[in-house]
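Asker: Next up, start-v2.tsv (TSV, C-alpha atoms).
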chain	number	residue	atom	x	y	z
A	1	MET	CA	0.00	0.00	0.00
A	2	HIS	CA	1.28	3.40	-0.93
A	3	ASN	CA	0.06	5.84	1.72
A	4	TYR	CA	0.55	9.33	2.99
A	5	VAL	CA	0.87	9.51	6.74
A	6	ALA	CA	0.65	12.42	9.15
A	7	VAL	CA	1.77	11.78	12.71
A	8	VAL	CA	0.75	14.54	15.09
A	9	PHE	CA	2.72	15.20	18.26
A	10	ASP	CA	2.12	17.68	21.04
A	11	ASP	CA	5.74	18.79	21.13
A	12	THR	CA	8.48	19.35	18.60
A	13	SER	CA	11.14	17.08	20.07
A	14	LYS	CA	8.73	14.16	19.95
A	15	ALA	CA	8.08	14.94	16.29
A	16	TYR	CA	11.78	14.51	15.57
A	17	GLU	CA	11.81	11.26	17.52
A	18	GLY	CA	8.92	10.21	15.31
A	19	LEU	CA	10.82	11.21	12.18
A	20	HIS	CA	13.83	9.21	13.33
A	21	ALA	CA	11.66	6.22	14.19
A	22	LEU	CA	10.12	6.25	10.70
A	23	TRP	CA	13.53	6.01	9.06
A	24	GLN	CA	14.54	3.31	11.53
A	25	LEU	CA	11.50	1.32	10.42
A	26	ASP	CA	12.71	1.81	6.85
A	27	ASP	CA	16.16	0.55	7.81
A	28	ALA	CA	14.57	-2.50	9.34
A	29	ALA	CA	12.66	-3.04	6.05
A	30	GLU	CA	9.34	-2.86	7.92
A	31	ILE	CA	8.21	-0.03	5.64
A	32	THR	CA	9.75	1.98	2.81
A	33	VAL	CA	9.86	5.72	3.28
A	34	HIS	CA	9.85	7.76	0.08
A	35	GLY	CA	9.97	11.17	1.72
A	36	THR	CA	9.33	13.08	4.93
A	37	ALA	CA	8.86	16.60	6.22
A	38	VAL	CA	8.28	18.09	9.65
A	39	VAL	CA	5.68	20.82	10.01
A	40	HIS	CA	5.06	22.93	13.11
A	41	ARG	CA	2.18	25.13	14.10
A	42	ASP	CA	3.04	27.80	16.61
A	43	ASP	CA	0.83	29.12	19.37
A	44	LEU	CA	-0.42	31.87	17.06
A	45	GLY	CA	-1.48	29.30	14.50
A	46	ASN	CA	1.27	29.95	11.96
A	47	PHE	CA	2.69	26.99	10.05
A	48	GLN	CA	6.36	26.32	9.43
A	49	VAL	CA	7.99	23.64	7.30
A	50	ASP	CA	11.48	22.64	8.37
A	51	THR	CA	13.61	22.99	5.29
A	52	LYS	CA	17.07	24.05	4.25
A	53	GLU	CA	17.75	27.66	3.67
A	54	THR	CA	17.56	27.77	-0.05
A	55	HIS	CA	16.61	29.84	-3.03
A	56	PRO	CA	13.55	31.90	-2.05
A	57	ALA	CA	11.52	30.72	-5.05
A	58	LEU	CA	12.31	27.13	-4.23
A	59	ALA	CA	11.57	27.60	-0.54
A	60	THR	CA	8.21	29.07	-1.39
A	61	ALA	CA	7.51	26.14	-3.67
A	62	VAL	CA	8.33	23.76	-0.83
A	63	GLY	CA	5.96	25.62	1.47
A	64	VAL	CA	3.17	25.63	-1.09
A	65	GLY	CA	3.76	21.96	-1.91
A	66	VAL	CA	3.74	20.76	1.68
A	67	GLY	CA	0.77	23.04	2.43
A	68	ALA	CA	-1.21	21.43	-0.36
A	69	LEU	CA	-0.18	18.00	0.90
A	70	LEU	CA	-1.49	18.90	4.36
A	71	GLY	CA	-4.75	19.98	2.75
A	72	ALA	CA	-5.04	16.71	0.84
A	73	LEU	CA	-4.31	14.74	4.02
A	74	ALA	CA	-7.19	16.55	5.68
A	75	GLY	CA	-9.60	15.02	3.18
A	76	PRO	CA	-11.58	16.16	0.14
A	77	ALA	CA	-12.40	19.52	1.74
A	78	GLY	CA	-8.77	20.19	2.48
A	79	ALA	CA	-7.71	18.94	-0.93
A	80	ALA	CA	-10.00	21.44	-2.61
A	81	ILE	CA	-8.41	24.22	-0.61
A	82	GLY	CA	-4.94	22.92	-1.37
A	83	ALA	CA	-5.77	22.83	-5.07
A	84	SER	CA	-6.96	26.41	-5.01
A	85	GLY	CA	-3.80	27.48	-3.24
A	86	GLY	CA	-5.62	28.41	-0.05
A	87	ALA	CA	-3.72	25.92	2.08
A	88	ALA	CA	-0.38	27.14	0.90
A	89	ILE	CA	2.29	27.60	3.48
A	90	GLY	CA	4.63	30.32	2.40
A	91	ALA	CA	8.04	29.20	3.56
A	92	ALA	CA	10.59	31.81	2.63
A	93	ALA	CA	14.34	31.42	2.93
A	94	GLY	CA	15.33	30.95	6.54
A	95	GLY	CA	12.07	29.33	7.41
A	96	ALA	CA	9.79	32.36	7.60
A	97	VAL	CA	6.21	31.39	7.64
A	98	GLY	CA	2.87	32.18	6.18
A	99	VAL	CA	-0.54	31.06	7.26
A	100	ALA	CA	-2.92	28.52	5.82
A	101	ALA	CA	-5.81	30.82	6.45
A	102	ASP	CA	-8.54	28.90	4.68
A	103	LEU	CA	-7.72	25.69	6.49
A	104	ASP	CA	-8.39	27.59	9.70
A	105	ARG	CA	-11.97	28.31	8.81
A	106	ALA	CA	-14.20	26.58	11.34
A	107	ASP	CA	-16.36	24.86	8.71
A	108	THR	CA	-13.32	23.51	6.85
A	109	ARG	CA	-11.72	22.28	10.06
A	110	ASP	CA	-14.94	20.54	11.07
A	111	GLN	CA	-15.22	18.93	7.65
A	112	ALA	CA	-11.59	17.84	7.67
A	113	ALA	CA	-11.99	16.43	11.18
A	114	GLY	CA	-15.06	14.55	10.01
A	115	GLU	CA	-13.39	13.18	6.89
A	116	THR	CA	-10.03	12.06	8.22
A	117	GLY	CA	-9.64	13.38	11.74
A	118	PHE	CA	-6.47	15.14	10.70
A	119	VAL	CA	-6.25	18.68	12.00
A	120	LEU	CA	-3.02	20.23	13.21
A	121	ASP	CA	-3.77	22.44	16.20
A	122	ALA	CA	-1.75	25.41	17.42
A	123	GLY	CA	1.35	24.29	19.32
A	124	GLN	CA	1.43	20.87	17.67
A	125	SER	CA	3.97	19.40	15.23
A	126	ALA	CA	3.51	16.74	12.60
A	127	VAL	CA	5.71	14.40	10.64
A	128	ILE	CA	4.39	14.07	7.11
A	129	ALA	CA	5.55	10.99	5.23
A	130	ASP	CA	5.08	9.26	1.90
A	131	VAL	CA	5.42	5.54	2.63
A	132	SER	CA	4.90	2.07	1.22
A	133	GLU	CA	3.72	-0.34	3.89
A	134	ASP	CA	2.41	-3.89	3.75
A	135	TRP	CA	0.99	-3.57	7.26
A	136	THR	CA	-0.06	-0.47	9.14
A	137	SER	CA	0.92	-1.87	12.53
A	138	PRO	CA	4.67	-1.06	12.46
A	139	ILE	CA	4.04	2.68	12.12
A	140	ASP	CA	0.96	2.71	14.34
A	141	THR	CA	2.65	0.81	17.17
A	142	LYS	CA	5.87	2.79	17.08
A	143	MET	CA	4.23	6.19	16.83
A	144	ARG	CA	1.74	5.39	19.58
A	145	SER	CA	4.65	4.47	21.86
A	146	LEU	CA	6.10	7.92	21.20
A	147	GLY	CA	2.82	9.66	21.95
A	148	GLY	CA	1.94	10.40	18.33
A	149	THR	CA	-1.43	10.10	16.65
A	150	VAL	CA	-1.35	8.60	13.16
A	151	TYR	CA	-3.57	9.75	10.29
A	152	ARG	CA	-3.31	7.91	7.04
A	153	ARG	CA	-4.70	8.29	3.54
A	154	ALA	CA	-4.08	6.09	0.53
A	155	LYS	CA	-2.16	7.81	-2.24
A	156	GLY	CA	-4.90	6.77	-4.68
A	157	ASP	CA	-7.63	8.41	-2.57
A	158	MET	CA	-5.69	11.64	-2.38
A	159	GLU	CA	-5.14	11.61	-6.12
A	160	ASP	CA	-8.88	11.01	-6.65
A	161	ASP	CA	-9.70	14.02	-4.47
A	162	VAL	CA	-7.56	16.36	-6.44
A	163	TRP	CA	-8.17	14.87	-9.87
A	164	PHE	CA	-10.91	17.25	-10.89
A	165	ASP	CA	-8.93	20.20	-9.74
A	166	ASP	CA	-6.20	19.45	-12.22
A	167	TYR	CA	-3.80	19.21	-9.34
A	168	TYR	CA	-1.10	16.77	-8.28
A	169	ILE	CA	0.17	15.50	-4.97
A	170	PRO	CA	3.41	17.40	-4.42
A	171	SER	CA	5.36	14.68	-2.64
A	172	SER	CA	8.46	15.89	-4.45
A	173	TYR	CA	8.90	18.48	-1.73
A	174	LEU	CA	9.45	15.86	0.95
A	175	TYR	CA	13.02	14.94	1.82
A	176	PRO	CA	13.95	11.49	0.48
A	177	TYR	CA	16.16	10.93	3.55
A	178	GLU	CA	16.13	11.93	7.18
A	179	TYR	CA	16.66	15.65	7.41
A	180	ILE	CA	16.96	17.51	10.69
A	181	PRO	CA	17.48	21.26	10.39
A	182	SER	CA	20.47	22.86	12.05
A	183	SER	CA	18.22	25.39	13.75
A	184	TYR	CA	16.60	22.67	15.79
A	185	PRO	CA	17.60	23.19	19.45
A	186	TRP	CA	18.93	19.78	20.48
B	1	MET	CA	30.47	8.77	9.45
B	2	ILE	CA	31.16	7.77	5.88
B	3	CYS	CA	30.79	4.25	4.64
B	4	ARG	CA	34.02	3.34	2.94
B	5	ASP	CA	32.40	0.43	1.14
B	6	LEU	CA	29.84	2.76	-0.37
B	7	GLU	CA	32.52	5.12	-1.53
B	8	GLY	CA	34.21	2.22	-3.20
B	9	PHE	CA	30.97	1.16	-4.81
B	10	THR	CA	29.92	4.47	-6.23
B	11	GLY	CA	33.33	5.92	-6.80
B	12	LEU	CA	32.22	8.97	-4.88
B	13	VAL	CA	34.04	10.96	-2.31
B	14	GLU	CA	32.83	12.61	0.82
B	15	ILE	CA	31.19	15.96	0.38
B	16	GLY	CA	31.69	18.31	3.27
B	17	GLY	CA	28.72	18.34	5.57
B	18	VAL	CA	27.03	15.29	4.14
B	19	THR	CA	26.66	12.80	6.92
B	20	MET	CA	26.05	9.24	5.96
B	21	GLY	CA	24.89	6.63	8.35
B	22	ARG	CA	22.88	6.73	11.51
B	23	VAL	CA	24.76	8.00	14.50
B	24	TYR	CA	22.23	7.51	17.22
B	25	ASN	CA	24.30	8.90	20.06
B	26	HIS	CA	25.46	11.86	18.09
B	27	THR	CA	24.08	15.36	18.15
B	28	PRO	CA	22.47	16.03	14.76
B	29	THR	CA	24.15	18.85	12.95
B	30	GLY	CA	21.42	19.93	10.61
B	31	GLU	CA	22.46	17.77	7.73
B	32	HIS	CA	20.66	14.88	6.20
B	33	VAL	CA	21.25	11.48	7.65
B	34	MET	CA	21.04	8.69	5.16
B	35	GLY	CA	20.67	4.94	5.07
B	36	LYS	CA	22.14	2.69	7.71
B	37	MET	CA	25.51	1.56	6.50
B	38	ASP	CA	25.80	-2.08	7.36
B	39	THR	CA	26.95	-2.87	3.87
B	40	SER	CA	27.47	-6.54	4.56
B	41	ILE	CA	23.71	-7.05	4.42
B	42	LYS	CA	22.87	-4.34	1.89
B	43	ASP	CA	22.44	-5.23	-1.73
B	44	SER	CA	23.14	-3.21	-4.86
B	45	LEU	CA	19.70	-1.59	-4.81
B	46	ASP	CA	20.33	-0.22	-1.34
B	47	HIS	CA	23.61	1.21	-2.56
B	48	VAL	CA	21.88	2.85	-5.51
B	49	ARG	CA	19.29	4.27	-3.13
B	50	ALA	CA	21.99	5.71	-0.88
B	51	ALA	CA	23.74	7.18	-3.93
B	52	THR	CA	20.59	8.92	-5.19
B	53	GLN	CA	19.80	10.22	-1.71
B	54	GLU	CA	23.34	11.52	-1.44
B	55	LEU	CA	23.06	13.17	-4.86
B	56	HIS	CA	19.84	14.92	-3.92
B	57	GLY	CA	21.38	16.04	-0.62
B	58	ALA	CA	24.48	17.36	-2.35
B	59	ILE	CA	22.50	19.33	-4.96
B	60	SER	CA	20.20	20.63	-2.24
B	61	ASP	CA	23.23	21.72	-0.19
B	62	ALA	CA	24.76	23.45	-3.22
B	63	VAL	CA	21.51	25.30	-3.94
B	64	ALA	CA	21.20	26.29	-0.30
B	65	LYS	CA	24.73	27.70	-0.12
B	66	ARG	CA	24.96	31.39	0.45
B	67	GLY	CA	26.00	32.81	-2.91
B	68	GLY	CA	24.85	29.70	-4.74
B	69	ALA	CA	26.64	26.72	-6.21
B	70	THR	CA	30.15	27.18	-7.54
B	71	LYS	CA	31.61	25.73	-10.75
B	72	ALA	CA	33.57	23.22	-8.67
B	73	ASP	CA	30.35	22.19	-6.89
B	74	LEU	CA	28.62	21.65	-10.21
B	75	GLU	CA	31.47	19.64	-11.69
B	76	ALA	CA	31.48	17.39	-8.61
B	77	LEU	CA	27.70	17.04	-8.83
B	78	ALA	CA	27.87	16.07	-12.49
B	79	GLN	CA	30.35	13.30	-11.60
B	80	LYS	CA	28.15	12.19	-8.74
B	81	ALA	CA	25.08	12.03	-10.99
B	82	LYS	CA	27.03	10.04	-13.57
B	83	ALA	CA	28.28	7.59	-10.94
B	84	ALA	CA	24.78	7.14	-9.52
B	85	ALA	CA	23.34	6.53	-13.01
B	86	GLU	CA	26.01	3.95	-13.74
B	87	SER	CA	25.39	2.22	-10.41
B	88	ALA	CA	21.67	2.09	-11.16
B	89	LYS	CA	22.28	0.75	-14.67
B	90	GLY	CA	24.64	-1.87	-13.29
B	91	SER	CA	22.02	-3.02	-10.84
B	92	LEU	CA	19.22	-3.29	-13.43
B	93	SER	CA	20.05	-6.73	-14.77
B	94	THR	CA	20.00	-8.36	-11.34
B	95	GLN	CA	16.53	-7.15	-10.39
B	96	GLN	CA	13.09	-8.69	-10.74
B	97	ASP	CA	10.67	-7.29	-13.32
B	98	ALA	CA	8.61	-5.43	-10.69
B	99	VAL	CA	11.72	-3.61	-9.59
B	100	LYS	CA	13.25	-3.05	-13.03
B	101	LYS	CA	10.67	-0.56	-14.25
B	102	HIS	CA	11.15	1.75	-11.27
B	103	LEU	CA	14.90	1.44	-11.55
B	104	ALA	CA	14.86	2.16	-15.29
B	105	ASP	CA	12.82	5.30	-14.56
B	106	ALA	CA	15.41	6.26	-11.97
B	107	VAL	CA	18.19	5.90	-14.55
B	108	THR	CA	16.28	8.24	-16.89
B	109	LYS	CA	15.94	10.81	-14.10
B	110	LEU	CA	19.59	10.49	-13.14
B	111	GLU	CA	20.68	11.05	-16.74
B	112	ALA	CA	18.39	14.10	-16.90
B	113	THR	CA	19.97	15.34	-13.66
B	114	GLN	CA	23.43	15.02	-15.16
B	115	GLN	CA	22.30	16.84	-18.31
B	116	HIS	CA	20.80	19.74	-16.33
B	117	ILE	CA	23.97	20.09	-14.28
B	118	THR	CA	26.06	20.11	-17.45
B	119	GLU	CA	23.76	22.80	-18.89
B	120	SER	CA	24.09	24.86	-15.72
B	121	LEU	CA	27.87	24.86	-16.16
B	122	LYS	CA	27.44	26.60	-19.52
B	123	SER	CA	24.84	29.12	-18.44
B	124	SER	CA	24.28	32.08	-16.16
B	125	GLY	CA	21.52	34.17	-14.65
B	126	GLN	CA	17.97	32.86	-14.85
B	127	THR	CA	18.94	30.03	-17.22
B	128	PHE	CA	21.47	28.83	-14.65
B	129	GLN	CA	18.90	28.94	-11.85
B	130	THR	CA	16.40	27.05	-13.96
B	131	SER	CA	18.93	24.34	-14.82
B	132	VAL	CA	19.96	23.87	-11.19
B	133	GLN	CA	16.35	23.70	-10.03
B	134	LYS	CA	15.55	21.16	-12.75
B	135	ALA	CA	18.57	19.13	-11.65
B	136	LEU	CA	17.31	19.19	-8.06
B	137	ALA	CA	13.80	18.14	-9.13
B	138	ASP	CA	15.13	15.27	-11.24
B	139	ALA	CA	17.50	14.14	-8.48
B	140	ARG	CA	14.51	14.08	-6.11
B	141	ALA	CA	12.50	12.11	-8.66
B	142	SER	CA	15.34	9.60	-9.07
B	143	ALA	CA	15.49	9.05	-5.30
B	144	GLN	CA	11.72	8.55	-5.31
B	145	LYS	CA	11.92	6.01	-8.16
B	146	VAL	CA	14.66	4.05	-6.43
B	147	SER	CA	12.75	3.98	-3.15
B	148	GLU	CA	9.72	2.71	-5.09
B	149	ALA	CA	11.97	0.00	-6.50
B	150	VAL	CA	13.05	-0.86	-2.95
B	151	ALA	CA	9.40	-0.96	-1.85
B	152	ALA	CA	8.51	-3.26	-4.77
B	153	LYS	CA	11.38	-5.56	-3.88
B	154	ARG	CA	10.44	-5.66	-0.19
B	155	SER	CA	6.80	-6.25	-1.01
B	156	ALA	CA	7.69	-9.13	-3.35
B	157	ALA	CA	9.93	-10.65	-0.67
B	158	SER	CA	7.16	-10.26	1.88
B	159	GLN	CA	4.65	-12.02	-0.39
B	160	GLN	CA	7.09	-14.85	-0.89
B	161	THR	CA	7.56	-15.22	2.87
B	162	LYS	CA	3.79	-15.48	3.33
B	163	LYS	CA	3.55	-18.41	0.87
Let me see the structure of the file written as structure tokens.
Answerer:
Amino acid sequence: MHNYVAVVFDDTSKAYEGLHALWQLDDAAEITVHGTAVVHRDDLGNFQVDTKETHPALATAVGVGVGALLGALAGPAGAAIGASGGAAIGAAAGGAVGVAADLDRADTRDQAAGETGFVLDAGQSAVIADVSEDWTSPIDTKMRSLGGTVYRRAKGDMEDDVWFDDYYIPSSYLYPYEYIPSSYPW
Amino acid sequence: MICRDLEGFTGLVEIGGVTMGRVYNHTPTGEHVMGKMDTSIKDSLDHVRAATQELHGAISDAVAKRGGATKADLEALAQKAKAAAESAKGSLSTQQDAVKKHLADAVTKLEATQQHITESLKSSGQTFQTSVQKALADARASAQKVSEAVAAKRSAASQQTKK
């Protein structure tokens, strides 16, 4: 099964433990990880994607791509927003942040919660991953032990949601290896 | 930590700041950390995967450098892309059909990566930026294709174990 997974944690350090655990599961051949990203939502509700400082245009593309992916993970309602650009996260060089304003709308949040349960609240962090897994239990068990909550959508379902919007799933903005930004306060 | 066996396999050399291998008791330094390096149990596909991941990381690092990638960076990247493509091609014949298609796609992407890097060496300004960004996108796509090949291989092995 080719799935997209969002694992929500209440604190940032746990999100990185989750990221590490995902790649360890890959090493153990329990799953295959195609790409990952870590997204934070601060107390004011702003989103941030951890990425390398890079060309501003590219950084913005990463933000928009991961923002759309978050929207698609949230279900058909979120996918529609992602397709229209409303769920875009503007990540400028150095990790500056924009806001996914439309995803904050109460009706959209309720719909997303009803469709998939996936909503990233203020102060929470999430590991977003593109994975192939024969069983869901390796990820579920490991992430639960770390205090994470796993949301999962099949790649095919996400593609169906966005099909009529002439949109694609931008997994190409996920890191194809474990990436931990230097700014992270270990 | 650099895997000497992998260097030998790909013909690549260490790039400053690229950390290979999992160092669990080590403070992460903000660089990417790639595949576990117990090469005695890794097959050629795992090596190709590590090479494509390393290539993507190296291009990404070059793009992220303050002031942008230098000519020396680009020349090294072109060599790295070539080595990764050759590794992938060399591994093709030993793989099952389910794996071959993904791996062949990866070779195509790696060759495109090499071509974009070569083009970037001859260009400047916006054309240069476009070439480097295309190289990064194709390197990412090659890593994705190889990981899909790995997934196909693992899935096939898993099905066989069930029988």
Asker: Would you write out, as JSON lines, a table of all residues in chain A that have an atom no more than 6 Å from an atom of chain B, listing for each the closest atom pair and the distance in Å to one decimal, considering all atoms listed in the file and ordering rows by chain and rising residue number?
Answerer:
{"residue": "A:Thr32", "atom": "CA", "partner": "B:Ala151", "partner_atom": "CA", "distance": 5.5}
{"residue": "A:His34", "atom": "CA", "partner": "B:Ser147", "partner_atom": "CA", "distance": 5.8}
{"residue": "A:Glu53", "atom": "CA", "partner": "B:Ala64", "partner_atom": "CA", "distance": 5.4}
{"residue": "A:Thr54", "atom": "CA", "partner": "B:Ala64", "partner_atom": "CA", "distance": 3.9}
{"residue": "A:Tyr177", "atom": "CA", "partner": "B:Met34", "partner_atom": "CA", "distance": 5.6}
{"residue": "A:Glu178", "atom": "CA", "partner": "B:Val33", "partner_atom": "CA", "distance": 5.2}
{"residue": "A:Tyr179", "atom": "CA", "partner": "B:His32", "partner_atom": "CA", "distance": 4.2}
{"residue": "A:Ile180", "atom": "CA", "partner": "B:Gly30", "partner_atom": "CA", "distance": 5.1}
{"residue": "A:Pro181", "atom": "CA", "partner": "B:Gly30", "partner_atom": "CA", "distance": 4.2}
{"residue": "A:Ser182", "atom": "CA", "partner": "B:Gly30", "partner_atom": "CA", "distance": 3.4}
Asker: Within 10 Å of (10.1, 9.8, 2.1) (file coordinates; all atoms listed in the file), which protein or nucleic acid residues are there? I'd like them as a list in words.
Answerer: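 I get Tyr4, Leu22, Trp23, Asp26, Thr32, Val33, His34, Gly35, Thr36, Ala37, Ile128, Ala129, Asp130, Val131, Ser132, Ser171, Ser172, Tyr173, Leu174, Tyr175, Pro176, Tyr177 and Glu178 of chain A; Ala143, Gln144 and Ser147 of chain B for the residues within 10 Å of that point.
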Asker: Could you write out the selected residues, including C-alpha atoms, as a short mmCIF file (atom, residue, chain, number, x, y, z; two decimals), in the coordinates of the input?
Answerer:
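File written: selection_3.cif
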data_model
loop_
_atom_site.label_atom_id
_atom_site.label_comp_id
_atom_site.auth_asym_id
_atom_site.auth_seq_id
_atom_site.Cartn_x
_atom_site.Cartn_y
_atom_site.Cartn_z
CA TYR A 4 0.55 9.33 2.99
CA LEU A 22 10.12 6.25 10.70
CA TRP A 23 13.53 6.01 9.06
CA ASP A 26 12.71 1.81 6.85
CA THR A 32 9.75 1.98 2.81
CA VAL A 33 9.86 5.72 3.28
CA HIS A 34 9.85 7.76 0.08
CA GLY A 35 9.97 11.17 1.72
CA THR A 36 9.33 13.08 4.93
CA ALA A 37 8.86 16.60 6.22
CA ILE A 128 4.39 14.07 7.11
CA ALA A 129 5.55 10.99 5.23
CA ASP A 130 5.08 9.26 1.90
CA VAL A 131 5.42 5.54 2.63
CA SER A 132 4.90 2.07 1.22
CA SER A 171 5.36 14.68 -2.64
CA SER A 172 8.46 15.89 -4.45
CA TYR A 173 8.90 18.48 -1.73
CA LEU A 174 9.45 15.86 0.95
CA TYR A 175 13.02 14.94 1.82
CA PRO A 176 13.95 11.49 0.48
CA TYR A 177 16.16 10.93 3.55
CA GLU A 178 16.13 11.93 7.18
CA ALA B 143 15.49 9.05 -5.30
CA GLN B 144 11.72 8.55 -5.31
CA SER B 147 12.75 3.98 -3.15
#
Asker: Contacts of A:Asp43 at 7 Å or less, counting all atoms listed in the file, minus same-chain residues fewer than 2 places along, as a PyMOL selection string?
Answerer: chain A and resi 41+45+122-123
Asker: So what do you get for atom CA of B:Ser124 versus atom CA of B:Ala84, distance-wise?
Answerer: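 That distance, rounded to one decimal, is 25.8 Å.
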Asker: Return the single residue from A:Lys14, A:Glu30, A:Asn3, A:Pro138 that is closest to A:Asp157, with distances computed using only C-alpha atoms.
Answerer: A:Asn3
Asker: Quote the spacing between atom CA of A:Gln124 and atom CA of A:Val62 in Å to one decimal place.
Answerer: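 Answer for the atom CA of A:Gln124 to atom CA of A:Val62 separation: 20.0 Å.
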Asker: What lies within 7 Å of stretch 69-83 of chain B using only C-alpha atoms, ignoring chain neighbours under 4 positions off, as a count of residues only?
Answerer: 15
Asker: For A:Ala21, work out the shell of residues within 9 Å, counting all atoms listed in the file and skipping chain neighbours fewer than 4 positions away, then give it as a PyMOL selection string.
Answerer: chain A and resi 16-17+25-26+139+142-143
Asker: Please produce a file of those selected residues containing C-alpha atoms, as an mmCIF file, in the frame of the given file.
Answerer:
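Output below, filename selection-v6.cif:
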data_model
loop_
_atom_site.group_PDB
_atom_site.id
_atom_site.type_symbol
_atom_site.label_atom_id
_atom_site.label_comp_id
_atom_site.auth_asym_id
_atom_site.auth_seq_id
_atom_site.Cartn_x
_atom_site.Cartn_y
_atom_site.Cartn_z
ATOM 1 C CA TYR A 16 11.780 14.510 15.570
ATOM 2 C CA GLU A 17 11.810 11.260 17.520
ATOM 3 C CA LEU A 25 11.500 1.320 10.420
ATOM 4 C CA ASP A 26 12.710 1.810 6.850
ATOM 5 C CA ILE A 139 4.040 2.680 12.120
ATOM 6 C CA LYS A 142 5.870 2.790 17.080
ATOM 7 C CA MET A 143 4.230 6.190 16.830
#
Asker: Rank nothing, just name the residue among A:Gln24, A:Thr51, A:Ser137, A:Thr149 nearest to A:Ser125, using all atoms listed in the file.
Answerer: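 When distances to A:Ser125 are compared using all atoms listed in the file, the smallest one comes from A:Thr149.
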Asker: Go through B:Thr130, B:Ala135, B:Val99, B:Gly90 one by one, measure the shortest atom-to-atom distance of each to B:Glu111 using all atoms listed in the file, and give the residue with the smallest value.
Answerer: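 Once distances to B:Glu111 are computed over all atoms listed in the file, the minimum belongs to B:Ala135.
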Asker: Take atom CA of A:Ala29 and atom CA of A:Val5 and report the distance between them in Å, one decimal.
Answerer: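 Interatomic distance here is 17.2 Å.
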